[in-house]
Amino acid sequence: MAHLVGAEGLHLQYPTRVVFDAVTLGVNDGDRIGIVGRNGDGKSSLLGMLAGRIEPSSGRVTRRRGVRIGVLDQSDTLHGDTTVGQTVVGDRAEHEWAGDPKVRDVIAGLVPDIPWHARIGTLSGGQRRRVDLAALLVGQWDVVALDEPTNHLDVEGITWLAGHLRSRWAANAGALLVVTHDRWFLDEVATATWEVHDRVVEPFEGGYAAYVLQRVERDRQAATLEAKRQNLLRKELAWLRRGPPARTSKPKFRMDTAYQLIVDVPPARDRLELSRLAMARMGKDVVDLLDAGVSFAGREVLRGVDWKIAPGERTAVLGANGAGKSTLLGLIAGTTEPTAGRVKRGKTVRLGMLDQQFRELQGIAGDRVRDVLARARTTYVVDGKELTPAQLLERLGFAREHLSARVGELSGGQKRRLQLLLVLLSEPNLMLVDEPSNDVDTDMLAAMEDLFDSWPGTLIVVSHDRYLIERVTDQQYAIFNGRLRHLPGGVDEYLRMSHALRAAPAAVAPKTGSAPGAGRSGAEERAMRKELNAAERKLERVAERIARIHERMAAHDHGDYEGLGRLNEDLRHVEAEQAALEERWLELSELVG
């Protein structure tokens, strides 16, 4: 494999600290490298040095002559006066870029909904990020270096990006360097992982799951001082072993040695016990949404939402950016009033909200973290052990030297840790979590998930982080065209339905100038609603049949090829039935309005 980029004896130092000391590494054709580590340990600095954006204090970076390196920064570098089209394809003639299938694929995957002639300055932050990423990916590069590329992307966008990067080069051509906290994305695109910690870069084989295994084994053999983190990672590894079948059906590494590490590790959480505790804390009534809808300035954001939230329920809400997920959380929290239907809340509900804007911290921005903790509860119980607020914050990866900092001076990741701590200490029995993975690293996410495992309450999560969704929730819903839809098939079902909706927009769209339901009689409207409800019930039954077939295939004698063939044929038939039902459900949901 040809050498592309190398680093020898890199030393990077700032006035207050040393970031790297004597780092030597290389990037070759065919490398697909994920870069992980705690926030502030130097991941972006490493990427910057390899790409030539940052000069090391000493040591050197070598690049093969003529090598082309494309970089996506965390910061927004776009010019506000240029158009989307100019930013993505530059001055190339339309027939030139439109005739390139790779360019068309990038545009369709990232910016299909953004007006081509819109000025960059008029776009939202998420739209600007997608344009920036598209402008990079239409180029021809030997090395693509991405710094948090999944920020502002929804589940569909992240899935598309993973597929694009997997197929962008031939197996032994090109190289990928990606800094990300999205662990599902890492497993999809990375064949090697670099952990940045304590001024060094430590290499591991495989993606995130392989990295967890090797890191646990490394810590076990070395008997390091990181016993607490090792226990947490073992729990994470146990979940990986027991997690979705797709994660273990195509392993990137052998799991045999892992089984000995996790043989005595219980499931991530005891669902029955947590549900019992949740009901004891809040009774049977949590929040009921009864045919609820929300409109803003004449635009219907949510409509006909029926959802009885149960004690101990752990649910994720999926949907494209702007679909109404945060509005739905507002309905549940009571900060948004329904314009149709009603919302009924249990009398014993105590709400905790982990939002994107750090509202809980705004009133204490001038206070020192130490003083904030002094006013909090004296203890908090995790896995049967009492922890002080300072110990709990340390468990979340908050350094002790930052206890004397003022809240307003903290970084985004530090604020997220403190925000979660204060929410937990307020003892809510209903917690609403809006994009919890923003501004945090993989270690923080694992620690957060560990706390959620033992928290006895009702949890509603809005997130684009597929790994986190599958890790902490037991069921998923999605918002399509303002309607809330249960997803018995989880994230995969959401992606299939989203694809079906995009593939047949003309079939479901009402005629121009007419309202949904226009020209139909009341009897026809009722018949359609009845068919819609029936389709939902059928979809749930089909998802259960698919799950049973998967269980039978897993338990089947793998030497019985004939029997496995019959099961596989059954699976294809049921999945085809599921796809047809999903398309009909989408069509009906549009027609009934």
# chains A, B, ... in the order shown; residues from 1 in each chain; ligands from 1
>>> residues_around(residues="Ala320 (chain A)", least_positions_apart="2", cutoff="10 Å", atoms="only C-alpha atoms", output="VMD selection string")
chain A and resid 153 to 157 318 322 to 325 464 478 to 481 498
>>> select_by_dssp(residues="region 406-550 of chain A", states="helix (DSSP H, G or I)", output="CSV table (one decimal) with C-alpha atoms, in the first residue's frame")
chain,number,residue,atom,x,y,z
A,407,VAL,CA,-20.4,28.0,34.7
A,408,GLY,CA,-20.5,30.5,31.9
A,409,GLU,CA,-16.8,29.8,31.1
A,412,GLY,CA,-19.9,22.9,25.6
A,413,GLY,CA,-19.0,19.4,26.7
A,414,GLN,CA,-18.4,20.6,30.3
A,415,LYS,CA,-21.8,22.4,30.3
A,416,ARG,CA,-23.5,19.2,29.1
A,417,ARG,CA,-22.0,17.2,32.0
A,418,LEU,CA,-23.1,19.8,34.6
A,419,GLN,CA,-26.5,20.1,33.0
A,420,LEU,CA,-27.1,16.4,33.2
A,421,LEU,CA,-25.9,16.3,36.8
A,422,LEU,CA,-28.3,19.1,37.9
A,423,VAL,CA,-31.2,17.4,36.1
A,424,LEU,CA,-30.5,14.1,37.9
A,425,LEU,CA,-30.1,15.8,41.3
A,442,THR,CA,-17.5,8.8,23.3
A,443,ASP,CA,-16.4,8.4,27.0
A,444,MET,CA,-19.0,10.9,28.1
A,445,LEU,CA,-21.7,9.2,26.1
A,446,ALA,CA,-20.9,5.8,27.7
A,447,ALA,CA,-21.0,7.4,31.2
A,448,MET,CA,-24.3,9.1,30.4
A,449,GLU,CA,-25.8,5.9,29.1
A,450,ASP,CA,-24.6,4.1,32.2
A,451,LEU,CA,-26.5,6.6,34.4
A,452,PHE,CA,-29.6,6.2,32.3
A,453,ASP,CA,-29.4,2.4,32.8
A,454,SER,CA,-30.0,2.7,36.6
A,466,ARG,CA,-28.3,5.8,16.2
A,467,TYR,CA,-26.0,4.0,18.7
A,468,LEU,CA,-27.3,6.0,21.6
A,469,ILE,CA,-30.9,5.4,20.5
A,470,GLU,CA,-30.4,1.6,20.3
A,471,ARG,CA,-28.5,1.7,23.6
A,472,VAL,CA,-30.8,3.5,26.0
A,490,GLY,CA,-36.7,0.4,14.9
A,491,VAL,CA,-34.3,2.6,13.0
A,492,ASP,CA,-34.1,0.3,10.0
A,493,GLU,CA,-37.9,0.6,9.6
A,494,TYR,CA,-37.6,4.4,9.9
A,495,LEU,CA,-35.0,4.5,7.1
A,496,ARG,CA,-37.2,2.3,4.8
A,497,MET,CA,-40.2,4.5,5.3
A,498,SER,CA,-38.3,7.6,4.7
A,499,HIS,CA,-36.9,6.2,1.5
A,500,ALA,CA,-40.4,5.1,0.4
A,501,LEU,CA,-41.7,8.6,1.1
A,502,ARG,CA,-39.0,10.2,-1.0
A,503,ALA,CA,-39.3,7.7,-3.8
A,505,PRO,CA,-43.7,12.0,-3.5
A,506,ALA,CA,-46.1,12.5,-6.4
A,507,ALA,CA,-48.2,9.5,-5.4
A,508,VAL,CA,-49.0,11.0,-1.9
A,522,GLY,CA,-67.3,11.8,5.0
A,523,ALA,CA,-67.8,8.1,4.5
A,524,GLU,CA,-64.7,8.0,2.2
A,525,GLU,CA,-62.7,9.9,4.8
A,526,ARG,CA,-63.8,7.5,7.6
A,527,ALA,CA,-62.9,4.5,5.4
A,528,MET,CA,-59.4,5.8,4.8
A,529,ARG,CA,-58.8,6.4,8.5
A,530,LYS,CA,-60.0,2.9,9.2
A,531,GLU,CA,-57.7,1.5,6.6
A,532,LEU,CA,-54.8,3.6,8.0
A,533,ASN,CA,-55.4,2.2,11.5
A,534,ALA,CA,-55.6,-1.3,10.2
A,535,ALA,CA,-52.3,-0.8,8.3
A,536,GLU,CA,-50.6,0.3,11.5
A,537,ARG,CA,-51.8,-2.9,13.3
A,538,LYS,CA,-50.7,-5.1,10.4
A,539,LEU,CA,-47.2,-3.4,10.4
A,540,GLU,CA,-46.8,-4.3,14.0
A,541,ARG,CA,-47.7,-7.9,13.4
A,542,VAL,CA,-45.4,-8.1,10.4
A,543,ALA,CA,-42.5,-6.7,12.5
A,544,GLU,CA,-43.2,-9.4,15.1
A,545,ARG,CA,-43.1,-12.1,12.4
A,546,ILE,CA,-39.8,-10.8,11.1
A,547,ALA,CA,-38.3,-10.9,14.6
A,548,ARG,CA,-39.5,-14.5,15.1
A,549,ILE,CA,-37.9,-15.6,11.8
A,550,HIS,CA,-34.6,-13.9,12.9
>>> closest_residue(among="A:Leu392, A:Arg104, A:Leu237, A:Asp367", to="Thr379 (chain A)", atoms="only C-alpha atoms")
A:Leu392
>>> closest_residue(among="A:Val462, A:Ile114, A:Ile107, A:Val349", to="Leu133 (chain A)", atoms="only C-alpha atoms")
A:Ile107
>>> residues_around(residues="Ser124 (chain A)", least_positions_apart="5", cutoff="12 Å", atoms="only C-alpha atoms", output="list in words")
Asp76, Gly80, Ile114, Ala118, Arg119, Arg129, Arg130, Val131, His152, Asn321 and Gly322 of chain A
>>> atom_distance(atom1="CA of Asp113 (chain A)", atom2="CA of His486 (chain A)")
25.4 Å
>>> atom_distance(atom1="CA of Ala145 (chain A)", atom2="CA of Ala170 (chain A)")
17.3 Å
>>> residues_around(residues="Asp142 (chain A)", least_positions_apart="3", cutoff="9 Å", atoms="only C-alpha atoms", output="list in words")
Leu4, Asp29, Val67, Arg68, Ile69, Gly70, Ala173, Gly174, Ala175 and Leu176 of chain A
